[in-house]
Every structure is written in structure tokens, then in C-alpha cells.
Amino acid sequence: MSVQPVWPVLVLAAVALVLSCWSLRDWRSSSGMQRGALAARVVLALLAVGIGLRPTGLHEVEVPVPSTTDLVLLVDRTASMGALDGPAGRARIEAAGEDLAELVQQTAGANTTVIVFDDVARVAVPFTTDAAAVSTYLRTVGWRPSAKATGSDISVAVELAEQVLRSARAEHPEHQRYLVYAGDGEQTQDGAPGSFGSLREGLTGSLVLGYGTAEGGAMPVAPGEQRLVEIEGEEQVSRIDGAALSRIAEELGGQYLHRTGPGSLPPLTRGPTSARVELQPGEEHYWVLALAAVPFLLHLLAVAVWGSRAAKEEQR
């Protein structure tokens with residue numbers, strides 16, 4: 001039980017209580033009915049004080065704990081992520097979006113940012129603790145249409161990710177930091193991809209999620225399109241590069257998972273939960289005191305009626 005005082009009511013009730021107690025000085029000289037009225041006034045004033053204090057019950061609620069976790073998501077949205085050999089036959093990017101949204105919900109409260117890359121890398125979602133907003137974006141991210149693609153470099157986001165992680169470390173050096181890479185590992189630009197080793201410093205953990213199959217899948221020319229990517233009339237097929245993805249995981253010091261179907265992902269973060277239980281005011285109980293006041297009000301009303309009738313009889 002706690003109190004949430006309503007000060008105007010409490011002050012007026014306190015004044016009424018003082019006046020009621022002061023009127024008790026006439027107790028000895030009063031009749032039985034008058035004494036009952038005096039006592040009723042005192043009780044009503046006490047009940048009014050109780051109502052002014054506004055007694056309230058307590059109940060347990062979960063409240064968010066300020067997050068000490070930074071989560072950086074690197075999402076491949078090159079044309080090959082539109083290939084239709086992802087889990088359950090969906091486009092790879094759709095499956096990746098669902099998995100990443102699950103991880104974000106899993107780490108609800110974490111300070112999360114999303115970096116997407118195709119020909120270039122950019123921050124699509126700046127750091128935020130709004131898990132619902134991040135999840136919505138991830139489920140609708142789509143991929144870059146093939147007509148606009150110039151060849152993919154799976155390490156194109158490394159430099160930007162370095163900058164983001166460096167800024168995060170400077171702002172919150174005490175935080176844990178996790179990085180998740182989601183892609184198919186397919187390198188179509190000339191030359192070998194760059195190393196991810198520079199991102200490993202300061203990471204508490206990392207995870208690489210791979211999408212696609214060794215047999216490969218056809219690619220729609222753009223999200224929502226039925227036409228498939230063709231070159232000189234020949235349908236193009238994209239294949240996952242598991243070796244490249246495993247190398248990324250090794251350079252990050254994390255784990256590689258080839259996602260072949262829907263299903264739960266392993267816990268990414270470790271540490272305290274993002275909520276704690278607190279006691280907060282709940283149901284109010286002032287109405288009990290108000291109900292208890294009714295008999296005393298009725299008594300005073302009866303006394304007033306009786307006094308009015310007695311006065312009329314004396315006038316006759």
C-alpha cells in the first residue's frame with residue numbers, strides 16, 4: 001500500500017478535522033443526539049483526510065533497463081540476395097530480414113544500427129533502441145535491382161562499419177558490442193574481398209548468417225518483378241559462397257551459420273535482461289473510505305431533519 005496525496009483535498013480535510021475536534025469542547029453539555037453528530041463530524045473529517053491521502057495498492061511491473069549493448073547489423077542487399085533459393089524457397093533477403101528481425105527482438109533494448117551494402121555501403125538505420133522500427137525496416141529492406149548493379153564486393157561495408165564501431169566505443173566505452181553479417185558471400189567484382197579483421201577489436205561477439213544454396217537460384221530483376229535476370233538470353237544463377245562467409249566469421253572471431261530453413265537462432269548476447277521488476281501504484285482504494293462515510297453522512301442528515309422539525313414545532 002502507498003499514498004498519492006491530493007493536496008487540496010488533504011488540506012481542506014485537515015482543516016475540517018481541526019474544527020471538528022475543537023467542537024468537542026461542548027461534548028459534556030450536549031444531548032445524546034448532539035454528541036452523535038459531533039462524533040460523526042470527527043469521523044467524517046478523519047475519513048476525508050484518508051481520501052485526501054489517496055491510498056493506492058502496489059503491483060509488480062517490468063520496466064526497461066538502460067541498455068549496455070550495441071548491435072551492428074551488416075546486410076547484403078546486392079542483386080544476388082534476390083535469388084529464390086533462400087529458406088522455404090523465398091528470396092534470400094526476405095529470409096535474412098526475418099532472421100535479423102528475430103535477433104533484434106531477442107536483444108530488445110539493445111542500441112541497434114543497420115548498415116546495408118550493395119555497390120556502396122550506408123547507414124540505413126542509425127543507432128536506436130526502437131526494436132519494432134528496426135524489425136519493420138529489416139522485413140522490407142529489399143535488394144538492389146540488377147539493372148543498377150555494378151558488381152558486388154562483400155567487404156564494401158568494412159570501412160563504414162569501422163567508423164560506426166569506433167564512434168560507438170568512444171561514446172559508450174563500457175558497452176558490449178555485437179556484429180551480425182547477413183549475406184550470400186558471392187563476390188562478383190574483380191579481386192579478392194578485403195579482410196574483416198579490423199572489426200574484431202572491441203567486439204563481445206559476432207555472427208555470420210549465410211543464405212542461398214550450392215545449386216543456386218534464379219534472380220528476379222527487381223523486388224516484385226516476375227522477370228528473371230538474363231544475359232544474352234541465358235538465365236543467370238547465383239550461388240552461395242560458404243567458404244567466403246566462413247572466412248568472414250573467422251576474421252571476426254565469431255560463428256558462421258548457413259541458414260537452410262526457418263527456425264530459432266542461437267542467443268547472440270549475454271548479460272543482464274533488458275527489464276527489471278518494480279513495484280508501482282496500481283488500484284486506488286479511496287472509494288472504500290468514501291463508502292464508509294455514507295452511514296455517518298446519513299446520521300448527520302437525520303440529525304439535521306430532526307432539528308428542523310423540532311424548530312418548527314417550537315415556533316408553533
# chains A, B, ... in the order shown; residues from 1 in each chain; ligands from 1
>>> residues_around(residues="Tyr256 (chain A)", least_positions_apart="4", cutoff="12 Å", atoms="only C-alpha atoms", output="list in words")
Val180, Tyr181, Ala182, Gly183, Asp184, Gly185, Gly205, Ser206, Leu207, Val208, Leu209, Gly210, Tyr211, Gly242, Ala243, Ala244, Leu245, Ser246, Arg247, Ile248, Ala249, Glu250, Glu251, Leu252, Leu265 and Pro266 of chain A
>>> residues_around(residues="Gln163 (chain A)", least_positions_apart="3", cutoff="12 Å", atoms="only C-alpha atoms", output="list in words")
Val72, Ile115, Ala121, Arg122, Val123, Ala157, Val158, Glu159, Leu160, Arg166, Ser167, Ala168, Arg169, Ala170, Ser198 and Leu199 of chain A
>>> select_by_dssp(residues="region 30-202 of chain A", states="alpha helix (DSSP H)", output="CSV table (one decimal) with N, CA, C and O atoms, in the first residue's frame")
chain,number,residue,atom,x,y,z
A,32,GLY,N,-27.6,13.5,23.8
A,32,GLY,CA,-27.2,12.3,23.2
A,32,GLY,C,-27.1,12.4,21.6
A,32,GLY,O,-26.1,12.0,21.0
A,33,MET,N,-28.1,13.0,21.0
A,33,MET,CA,-28.2,13.2,19.6
A,33,MET,C,-27.1,14.1,19.1
A,33,MET,O,-26.4,13.9,18.1
A,34,GLN,N,-26.9,15.2,19.9
A,34,GLN,CA,-25.8,16.2,19.5
A,34,GLN,C,-24.4,15.6,19.6
A,34,GLN,O,-23.6,15.8,18.8
A,35,ARG,N,-24.3,14.7,20.7
A,35,ARG,CA,-23.0,14.0,20.8
A,35,ARG,C,-22.7,13.1,19.6
A,35,ARG,O,-21.6,13.0,19.1
A,36,GLY,N,-23.8,12.4,19.1
A,36,GLY,CA,-23.6,11.6,18.0
A,36,GLY,C,-23.2,12.4,16.7
A,36,GLY,O,-22.4,11.9,15.9
A,37,ALA,N,-23.8,13.6,16.6
A,37,ALA,CA,-23.5,14.4,15.5
A,37,ALA,C,-22.0,14.9,15.5
A,37,ALA,O,-21.3,15.0,14.5
A,38,LEU,N,-21.6,15.3,16.8
A,38,LEU,CA,-20.2,15.7,16.9
A,38,LEU,C,-19.2,14.6,16.6
A,38,LEU,O,-18.2,14.8,15.9
A,39,ALA,N,-19.5,13.4,17.0
A,39,ALA,CA,-18.6,12.3,16.8
A,39,ALA,C,-18.6,11.9,15.3
A,39,ALA,O,-17.6,11.6,14.7
A,40,ALA,N,-19.8,12.0,14.6
A,40,ALA,CA,-19.9,11.8,13.2
A,40,ALA,C,-19.1,12.8,12.4
A,40,ALA,O,-18.4,12.4,11.4
A,41,ARG,N,-19.1,14.0,12.8
A,41,ARG,CA,-18.3,15.0,12.1
A,41,ARG,C,-16.8,14.7,12.2
A,41,ARG,O,-16.0,14.9,11.2
A,42,VAL,N,-16.3,14.3,13.4
A,42,VAL,CA,-14.9,13.9,13.6
A,42,VAL,C,-14.6,12.8,12.7
A,42,VAL,O,-13.5,12.8,12.0
A,43,VAL,N,-15.4,11.7,12.7
A,43,VAL,CA,-15.1,10.5,11.9
A,43,VAL,C,-15.1,10.9,10.4
A,43,VAL,O,-14.2,10.5,9.7
A,44,LEU,N,-16.1,11.7,10.0
A,44,LEU,CA,-16.1,12.1,8.6
A,44,LEU,C,-14.8,12.9,8.2
A,44,LEU,O,-14.3,12.8,7.1
A,45,ALA,N,-14.4,13.8,9.1
A,45,ALA,CA,-13.2,14.5,8.8
A,45,ALA,C,-12.0,13.6,8.7
A,45,ALA,O,-11.1,13.8,7.8
A,46,LEU,N,-11.9,12.6,9.6
A,46,LEU,CA,-10.8,11.6,9.5
A,46,LEU,C,-10.9,10.8,8.2
A,46,LEU,O,-9.8,10.6,7.6
A,47,LEU,N,-12.1,10.4,7.8
A,47,LEU,CA,-12.2,9.7,6.5
A,47,LEU,C,-11.8,10.6,5.3
A,47,LEU,O,-11.2,10.2,4.4
A,48,ALA,N,-12.1,11.9,5.4
A,48,ALA,CA,-11.7,12.9,4.4
A,48,ALA,C,-10.2,13.0,4.3
A,48,ALA,O,-9.7,13.1,3.2
A,49,VAL,N,-9.6,13.0,5.4
A,49,VAL,CA,-8.1,13.0,5.4
A,49,VAL,C,-7.6,11.8,4.7
A,49,VAL,O,-6.6,11.8,3.9
A,50,GLY,N,-8.2,10.6,5.0
A,50,GLY,CA,-7.8,9.4,4.4
A,50,GLY,C,-8.0,9.4,2.9
A,50,GLY,O,-7.1,9.0,2.1
A,51,ILE,N,-9.1,10.0,2.4
A,51,ILE,CA,-9.4,10.1,1.0
A,51,ILE,C,-8.3,11.0,0.4
A,51,ILE,O,-7.9,10.8,-0.7
A,52,GLY,N,-8.0,12.1,1.1
A,52,GLY,CA,-7.0,13.1,0.6
A,52,GLY,C,-5.6,12.5,0.4
A,52,GLY,O,-4.9,12.8,-0.5
A,53,LEU,N,-5.3,11.5,1.3
A,53,LEU,CA,-4.1,10.8,1.1
A,53,LEU,C,-4.0,9.8,-0.1
A,53,LEU,O,-3.0,9.4,-0.5
A,92,ARG,N,16.5,-14.7,-50.8
A,92,ARG,CA,17.4,-14.7,-49.7
A,92,ARG,C,17.2,-13.5,-48.7
A,92,ARG,O,17.3,-13.7,-47.5
A,93,ILE,N,17.0,-12.3,-49.3
A,93,ILE,CA,16.9,-11.1,-48.5
A,93,ILE,C,15.7,-11.2,-47.5
A,93,ILE,O,15.7,-10.7,-46.4
A,94,GLU,N,14.6,-11.8,-48.0
A,94,GLU,CA,13.4,-12.0,-47.1
A,94,GLU,C,13.7,-12.8,-45.9
A,94,GLU,O,13.3,-12.5,-44.8
A,95,ALA,N,14.4,-14.0,-46.2
A,95,ALA,CA,14.8,-14.8,-45.1
A,95,ALA,C,15.8,-14.1,-44.1
A,95,ALA,O,15.7,-14.3,-42.9
A,96,ALA,N,16.7,-13.4,-44.7
A,96,ALA,CA,17.7,-12.7,-43.9
A,96,ALA,C,17.0,-11.6,-43.0
A,96,ALA,O,17.3,-11.5,-41.8
A,97,GLY,N,16.0,-10.9,-43.6
A,97,GLY,CA,15.3,-9.9,-42.9
A,97,GLY,C,14.5,-10.5,-41.7
A,97,GLY,O,14.5,-10.0,-40.6
A,98,GLU,N,13.9,-11.7,-41.9
A,98,GLU,CA,13.2,-12.3,-40.8
A,98,GLU,C,14.1,-12.8,-39.7
A,98,GLU,O,13.8,-12.6,-38.5
A,99,ASP,N,15.3,-13.3,-40.1
A,99,ASP,CA,16.2,-13.8,-39.1
A,99,ASP,C,16.8,-12.6,-38.3
A,99,ASP,O,16.9,-12.7,-37.0
A,100,LEU,N,17.1,-11.5,-38.9
A,100,LEU,CA,17.7,-10.4,-38.3
A,100,LEU,C,16.6,-9.7,-37.4
A,100,LEU,O,16.9,-9.2,-36.3
A,101,ALA,N,15.4,-9.7,-37.8
A,101,ALA,CA,14.3,-9.1,-37.0
A,101,ALA,C,14.1,-10.0,-35.7
A,101,ALA,O,13.9,-9.4,-34.6
A,102,GLU,N,14.3,-11.3,-35.9
A,102,GLU,CA,14.2,-12.2,-34.7
A,102,GLU,C,15.3,-11.8,-33.7
A,102,GLU,O,15.1,-11.8,-32.5
A,103,LEU,N,16.6,-11.6,-34.2
A,103,LEU,CA,17.7,-11.3,-33.4
A,103,LEU,C,17.5,-10.0,-32.7
A,103,LEU,O,17.8,-9.8,-31.5
A,104,VAL,N,16.9,-9.0,-33.4
A,104,VAL,CA,16.6,-7.7,-32.8
A,104,VAL,C,15.6,-7.8,-31.6
A,104,VAL,O,15.8,-7.2,-30.6
A,105,GLN,N,14.6,-8.6,-31.9
A,105,GLN,CA,13.6,-8.8,-30.8
A,105,GLN,C,14.2,-9.6,-29.6
A,105,GLN,O,13.9,-9.4,-28.5
A,106,GLN,N,15.1,-10.5,-30.0
A,106,GLN,CA,15.8,-11.3,-28.9
A,106,GLN,C,16.6,-10.4,-28.0
A,106,GLN,O,16.8,-10.7,-26.8
A,131,ALA,N,13.2,-1.4,-31.1
A,131,ALA,CA,13.3,-2.7,-31.8
A,131,ALA,C,12.2,-2.9,-32.8
A,131,ALA,O,12.4,-3.5,-33.9
A,132,ALA,N,11.0,-2.3,-32.6
A,132,ALA,CA,9.9,-2.5,-33.6
A,132,ALA,C,10.2,-1.8,-34.9
A,132,ALA,O,10.0,-2.4,-36.0
A,133,ALA,N,10.8,-0.6,-34.8
A,133,ALA,CA,11.1,0.1,-36.0
A,133,ALA,C,12.2,-0.6,-36.8
A,133,ALA,O,12.1,-0.7,-38.1
A,134,VAL,N,13.2,-1.1,-36.1
A,134,VAL,CA,14.3,-1.8,-36.8
A,134,VAL,C,13.8,-3.0,-37.5
A,134,VAL,O,14.1,-3.4,-38.6
A,135,SER,N,13.0,-3.8,-36.7
A,135,SER,CA,12.4,-5.0,-37.3
A,135,SER,C,11.6,-4.8,-38.5
A,135,SER,O,11.6,-5.5,-39.5
A,136,THR,N,10.8,-3.7,-38.5
A,136,THR,CA,9.9,-3.4,-39.7
A,136,THR,C,10.8,-3.1,-40.9
A,136,THR,O,10.5,-3.5,-42.0
A,137,TYR,N,11.9,-2.3,-40.7
A,137,TYR,CA,12.8,-2.0,-41.8
A,137,TYR,C,13.4,-3.3,-42.3
A,137,TYR,O,13.5,-3.5,-43.6
A,138,LEU,N,13.9,-4.1,-41.5
A,138,LEU,CA,14.6,-5.4,-41.9
A,138,LEU,C,13.7,-6.3,-42.7
A,138,LEU,O,14.1,-6.9,-43.7
A,139,ARG,N,12.4,-6.3,-42.4
A,139,ARG,CA,11.5,-7.1,-43.1
A,139,ARG,C,11.1,-6.6,-44.5
A,139,ARG,O,10.4,-7.2,-45.3
A,158,VAL,N,33.1,-2.7,-44.8
A,158,VAL,CA,34.0,-2.8,-43.7
A,158,VAL,C,34.5,-1.4,-43.2
A,158,VAL,O,34.4,-1.1,-42.0
A,159,GLU,N,34.8,-0.5,-44.1
A,159,GLU,CA,35.3,0.8,-43.7
A,159,GLU,C,34.2,1.6,-42.9
A,159,GLU,O,34.5,2.2,-41.8
A,160,LEU,N,33.0,1.6,-43.4
A,160,LEU,CA,31.9,2.2,-42.7
A,160,LEU,C,31.6,1.6,-41.3
A,160,LEU,O,31.4,2.3,-40.3
A,161,ALA,N,31.6,0.3,-41.3
A,161,ALA,CA,31.4,-0.4,-40.0
A,161,ALA,C,32.5,-0.1,-39.0
A,161,ALA,O,32.2,0.1,-37.8
A,162,GLU,N,33.7,0.1,-39.5
A,162,GLU,CA,34.8,0.5,-38.6
A,162,GLU,C,34.5,1.9,-38.0
A,162,GLU,O,34.7,2.1,-36.8
A,163,GLN,N,34.1,2.8,-38.8
A,163,GLN,CA,33.7,4.2,-38.3
A,163,GLN,C,32.6,4.1,-37.3
A,163,GLN,O,32.7,4.8,-36.2
A,164,VAL,N,31.6,3.3,-37.6
A,164,VAL,CA,30.4,3.2,-36.7
A,164,VAL,C,30.9,2.6,-35.3
A,164,VAL,O,30.5,3.1,-34.2
A,165,LEU,N,31.6,1.5,-35.4
A,165,LEU,CA,32.1,0.9,-34.1
A,165,LEU,C,33.0,1.8,-33.3
A,165,LEU,O,33.0,1.8,-32.1
A,166,ARG,N,33.9,2.5,-34.1
A,166,ARG,CA,34.8,3.5,-33.4
A,166,ARG,C,34.0,4.5,-32.6
A,166,ARG,O,34.3,4.9,-31.5
A,167,SER,N,33.0,5.1,-33.3
A,167,SER,CA,32.2,6.1,-32.7
A,167,SER,C,31.4,5.5,-31.5
A,167,SER,O,31.3,6.2,-30.4
A,168,ALA,N,30.9,4.3,-31.6
A,168,ALA,CA,30.2,3.7,-30.5
A,168,ALA,C,31.1,3.4,-29.3
A,168,ALA,O,30.7,3.7,-28.1
A,169,ARG,N,32.3,3.0,-29.6
A,169,ARG,CA,33.3,2.8,-28.5
A,169,ARG,C,33.6,4.1,-27.8
A,169,ARG,O,33.7,4.2,-26.5
A,170,ALA,N,33.8,5.2,-28.5
A,170,ALA,CA,34.1,6.5,-27.9
A,170,ALA,C,32.9,7.0,-27.1
A,170,ALA,O,33.2,7.6,-26.0
A,171,GLU,N,31.7,6.8,-27.6
A,171,GLU,CA,30.6,7.3,-26.8
A,171,GLU,C,30.2,6.5,-25.6
A,171,GLU,O,29.8,7.0,-24.6
>>> atom_distance(atom1="CA of Ser195 (chain A)", atom2="CA of Asp153 (chain A)")
11.5 Å
>>> residues_around(residues="Gly282 (chain A)", least_positions_apart="5", cutoff="12 Å", atoms="only C-alpha atoms", output="NGL selection string")
:A and (1-4 or 54-61)
>>> write_last_selection(atoms="N, CA, C and O atoms", output="PDB file, in the first residue's frame")
ATOM      1  N   MET A   1       0.841  -1.192   0.000  1.00  0.00           N
ATOM      2  CA  MET A   1       0.000   0.000   0.000  1.00  0.00           C
ATOM      3  C   MET A   1       0.881   1.249   0.000  1.00  0.00           C
ATOM      4  O   MET A   1       1.887   1.318   0.705  1.00  0.00           O
ATOM      5  N   SER A   2       0.480   2.231  -0.805  1.00  0.00           N
ATOM      6  CA  SER A   2       1.182   3.512  -0.825  1.00  0.00           C
ATOM      7  C   SER A   2       0.144   4.619  -0.851  1.00  0.00           C
ATOM      8  O   SER A   2      -1.056   4.372  -0.973  1.00  0.00           O
ATOM      9  N   VAL A   3       0.599   5.868  -0.689  1.00  0.00           N
ATOM     10  CA  VAL A   3      -0.315   7.008  -0.742  1.00  0.00           C
ATOM     11  C   VAL A   3       0.135   7.955  -1.839  1.00  0.00           C
ATOM     12  O   VAL A   3       1.326   8.114  -2.097  1.00  0.00           O
ATOM     13  N   GLN A   4      -0.845   8.557  -2.505  1.00  0.00           N
ATOM     14  CA  GLN A   4      -0.603   9.545  -3.559  1.00  0.00           C
ATOM     15  C   GLN A   4      -1.440  10.781  -3.203  1.00  0.00           C
ATOM     16  O   GLN A   4      -2.534  10.973  -3.702  1.00  0.00           O
ATOM     17  N   ARG A  54      -5.221   9.478  -0.585  1.00  0.00           N
ATOM     18  CA  ARG A  54      -5.383   8.661  -1.788  1.00  0.00           C
ATOM     19  C   ARG A  54      -4.612   7.334  -1.680  1.00  0.00           C
ATOM     20  O   ARG A  54      -3.617   7.107  -2.384  1.00  0.00           O
ATOM     21  N   PRO A  55      -5.060   6.451  -0.798  1.00  0.00           N
ATOM     22  CA  PRO A  55      -4.379   5.153  -0.651  1.00  0.00           C
ATOM     23  C   PRO A  55      -4.460   4.338  -1.940  1.00  0.00           C
ATOM     24  O   PRO A  55      -5.511   4.270  -2.585  1.00  0.00           O
ATOM     25  N   THR A  56      -3.338   3.740  -2.301  1.00  0.00           N
ATOM     26  CA  THR A  56      -3.223   3.014  -3.573  1.00  0.00           C
ATOM     27  C   THR A  56      -2.488   1.705  -3.354  1.00  0.00           C
ATOM     28  O   THR A  56      -1.480   1.650  -2.637  1.00  0.00           O
ATOM     29  N   GLY A  57      -2.992   0.645  -3.974  1.00  0.00           N
ATOM     30  CA  GLY A  57      -2.309  -0.644  -3.913  1.00  0.00           C
ATOM     31  C   GLY A  57      -1.077  -0.654  -4.800  1.00  0.00           C
ATOM     32  O   GLY A  57      -0.885   0.226  -5.646  1.00  0.00           O
ATOM     33  N   LEU A  58      -0.217  -1.641  -4.604  1.00  0.00           N
ATOM     34  CA  LEU A  58       1.007  -1.783  -5.388  1.00  0.00           C
ATOM     35  C   LEU A  58       0.948  -3.071  -6.211  1.00  0.00           C
ATOM     36  O   LEU A  58       0.384  -4.070  -5.760  1.00  0.00           O
ATOM     37  N   HIS A  59       1.530  -3.034  -7.419  1.00  0.00           N
ATOM     38  CA  HIS A  59       1.635  -4.251  -8.217  1.00  0.00           C
ATOM     39  C   HIS A  59       2.980  -4.264  -8.938  1.00  0.00           C
ATOM     40  O   HIS A  59       3.603  -3.217  -9.133  1.00  0.00           O
ATOM     41  N   GLU A  60       3.406  -5.456  -9.310  1.00  0.00           N
ATOM     42  CA  GLU A  60       4.702  -5.623  -9.964  1.00  0.00           C
ATOM     43  C   GLU A  60       4.590  -5.355 -11.467  1.00  0.00           C
ATOM     44  O   GLU A  60       3.672  -5.838 -12.116  1.00  0.00           O
ATOM     45  N   VAL A  61       5.524  -4.569 -11.998  1.00  0.00           N
ATOM     46  CA  VAL A  61       5.577  -4.318 -13.436  1.00  0.00           C
ATOM     47  C   VAL A  61       7.023  -4.442 -13.904  1.00  0.00           C
ATOM     48  O   VAL A  61       7.963  -4.226 -13.128  1.00  0.00           O
TER      49      VAL A  61
END
>>> residues_around(residues="Gly217 (chain A)", least_positions_apart="4", cutoff="6 Å", atoms="only C-alpha atoms", output="PyMOL selection string")
chain A and resi 83-85+237-238
>>> select_by_dssp(residues="region 89-243 of chain A", states="strand (DSSP E)", output="number ranges by chain")
A: 111-117, 121-128, 176-183, 205-211, 217-218, 230-231, 234-235, 237-238
>>> closest_residue(among="A:Leu301, A:Val156, A:Leu228, A:Val11", to="Pro193 (chain A)", atoms="only C-alpha atoms")
A:Val156
>>> atom_distance(atom1="CA of Val15 (chain A)", atom2="CA of Ala293 (chain A)")
17.5 Å
>>> closest_residue(among="A:Thr204, A:Ser23, A:Ser152, A:Ser308", to="Asp190 (chain A)", atoms="only C-alpha atoms")
A:Ser152
>>> atom_distance(atom1="CA of Asp241 (chain A)", atom2="CA of Val125 (chain A)")
27.0 Å
>>> closest_residue(among="A:Ala302, A:Met81, A:Leu71, A:Leu279", to="Thr129 (chain A)", atoms="only C-alpha atoms")
A:Leu71
>>> residues_around(residues="region 76-79 of chain A", least_positions_apart="2", cutoff="6 Å", atoms="only C-alpha atoms", output="PyMOL selection string")
chain A and resi 81-82+117-118+143-146+183
>>> decode(residues="region 208-232 of chain A", atoms="N, CA and C atoms", output="JSON list (two decimals), in the first residue's frame")
[["chain", "number", "residue", "atom", "x", "y", "z"],
["A", 208, "VAL", "N", 27.83, -14.67, -38.40],
["A", 208, "VAL", "CA", 27.70, -14.54, -39.84],
["A", 208, "VAL", "C", 26.60, -15.49, -40.29],
["A", 209, "LEU", "N", 25.59, -14.95, -40.96],
["A", 209, "LEU", "CA", 24.47, -15.74, -41.44],
["A", 209, "LEU", "C", 24.55, -15.83, -42.96],
["A", 210, "GLY", "N", 24.54, -17.06, -43.49],
["A", 210, "GLY", "CA", 24.66, -17.28, -44.93],
["A", 210, "GLY", "C", 23.36, -17.74, -45.56],
["A", 211, "TYR", "N", 23.07, -17.23, -46.76],
["A", 211, "TYR", "CA", 21.81, -17.54, -47.44],
["A", 211, "TYR", "C", 22.07, -17.97, -48.87],
["A", 212, "GLY", "N", 21.30, -18.96, -49.32],
["A", 212, "GLY", "CA", 21.46, -19.49, -50.66],
["A", 212, "GLY", "C", 21.88, -20.95, -50.62],
["A", 213, "THR", "N", 22.02, -21.53, -51.81],
["A", 213, "THR", "CA", 22.40, -22.93, -51.93],
["A", 213, "THR", "C", 23.56, -23.09, -52.91],
["A", 214, "ALA", "N", 24.23, -24.25, -52.83],
["A", 214, "ALA", "CA", 25.31, -24.52, -53.77],
["A", 214, "ALA", "C", 24.77, -24.70, -55.19],
["A", 215, "GLU", "N", 23.53, -25.20, -55.31],
["A", 215, "GLU", "CA", 22.91, -25.36, -56.62],
["A", 215, "GLU", "C", 22.55, -24.01, -57.22],
["A", 216, "GLY", "N", 22.26, -23.06, -56.37],
["A", 216, "GLY", "CA", 21.97, -21.72, -56.82],
["A", 216, "GLY", "C", 20.51, -21.48, -57.10],
["A", 217, "GLY", "N", 20.18, -20.22, -57.36],
["A", 217, "GLY", "CA", 18.81, -19.85, -57.63],
["A", 217, "GLY", "C", 18.75, -18.70, -58.62],
["A", 218, "ALA", "N", 17.64, -18.65, -59.37],
["A", 218, "ALA", "CA", 17.42, -17.56, -60.32],
["A", 218, "ALA", "C", 17.11, -16.28, -59.57],
["A", 219, "MET", "N", 17.36, -15.14, -60.22],
["A", 219, "MET", "CA", 17.19, -13.84, -59.58],
["A", 219, "MET", "C", 16.19, -12.98, -60.33],
["A", 220, "PRO", "N", 15.08, -12.55, -59.69],
["A", 220, "PRO", "CA", 14.21, -11.56, -60.32],
["A", 220, "PRO", "C", 15.00, -10.27, -60.56],
["A", 221, "VAL", "N", 14.62, -9.53, -61.59],
["A", 221, "VAL", "CA", 15.37, -8.33, -61.93],
["A", 221, "VAL", "C", 15.21, -7.24, -60.89],
["A", 222, "ALA", "N", 14.11, -7.29, -60.12],
["A", 222, "ALA", "CA", 13.85, -6.29, -59.07],
["A", 222, "ALA", "C", 12.81, -6.85, -58.12],
["A", 223, "PRO", "N", 12.73, -6.32, -56.91],
["A", 223, "PRO", "CA", 11.69, -6.78, -55.98],
["A", 223, "PRO", "C", 10.30, -6.62, -56.58],
["A", 224, "GLY", "N", 9.48, -7.66, -56.48],
["A", 224, "GLY", "CA", 8.13, -7.64, -57.01],
["A", 224, "GLY", "C", 8.02, -7.98, -58.48],
["A", 225, "GLU", "N", 9.14, -8.17, -59.16],
["A", 225, "GLU", "CA", 9.14, -8.49, -60.59],
["A", 225, "GLU", "C", 9.12, -10.00, -60.81],
["A", 226, "GLN", "N", 8.49, -10.43, -61.90],
["A", 226, "GLN", "CA", 8.49, -11.84, -62.29],
["A", 226, "GLN", "C", 9.64, -12.16, -63.24],
["A", 227, "ARG", "N", 10.07, -11.17, -64.00],
["A", 227, "ARG", "CA", 11.15, -11.40, -64.96],
["A", 227, "ARG", "C", 12.44, -11.74, -64.22],
["A", 228, "LEU", "N", 13.21, -12.65, -64.78],
["A", 228, "LEU", "CA", 14.46, -13.08, -64.18],
["A", 228, "LEU", "C", 15.65, -12.46, -64.90],
["A", 229, "VAL", "N", 16.74, -12.36, -64.17],
["A", 229, "VAL", "CA", 17.97, -11.79, -64.74],
["A", 229, "VAL", "C", 18.50, -12.72, -65.83],
["A", 230, "GLU", "N", 18.72, -12.15, -67.01],
["A", 230, "GLU", "CA", 19.27, -12.92, -68.12],
["A", 230, "GLU", "C", 20.39, -12.11, -68.77],
["A", 231, "ILE", "N", 21.36, -12.83, -69.30],
["A", 231, "ILE", "CA", 22.42, -12.21, -70.09],
["A", 231, "ILE", "C", 22.49, -12.96, -71.42],
["A", 232, "GLU", "N", 22.25, -12.20, -72.49],
["A", 232, "GLU", "CA", 22.21, -12.78, -73.83],
["A", 232, "GLU", "C", 21.27, -13.97, -73.90]]
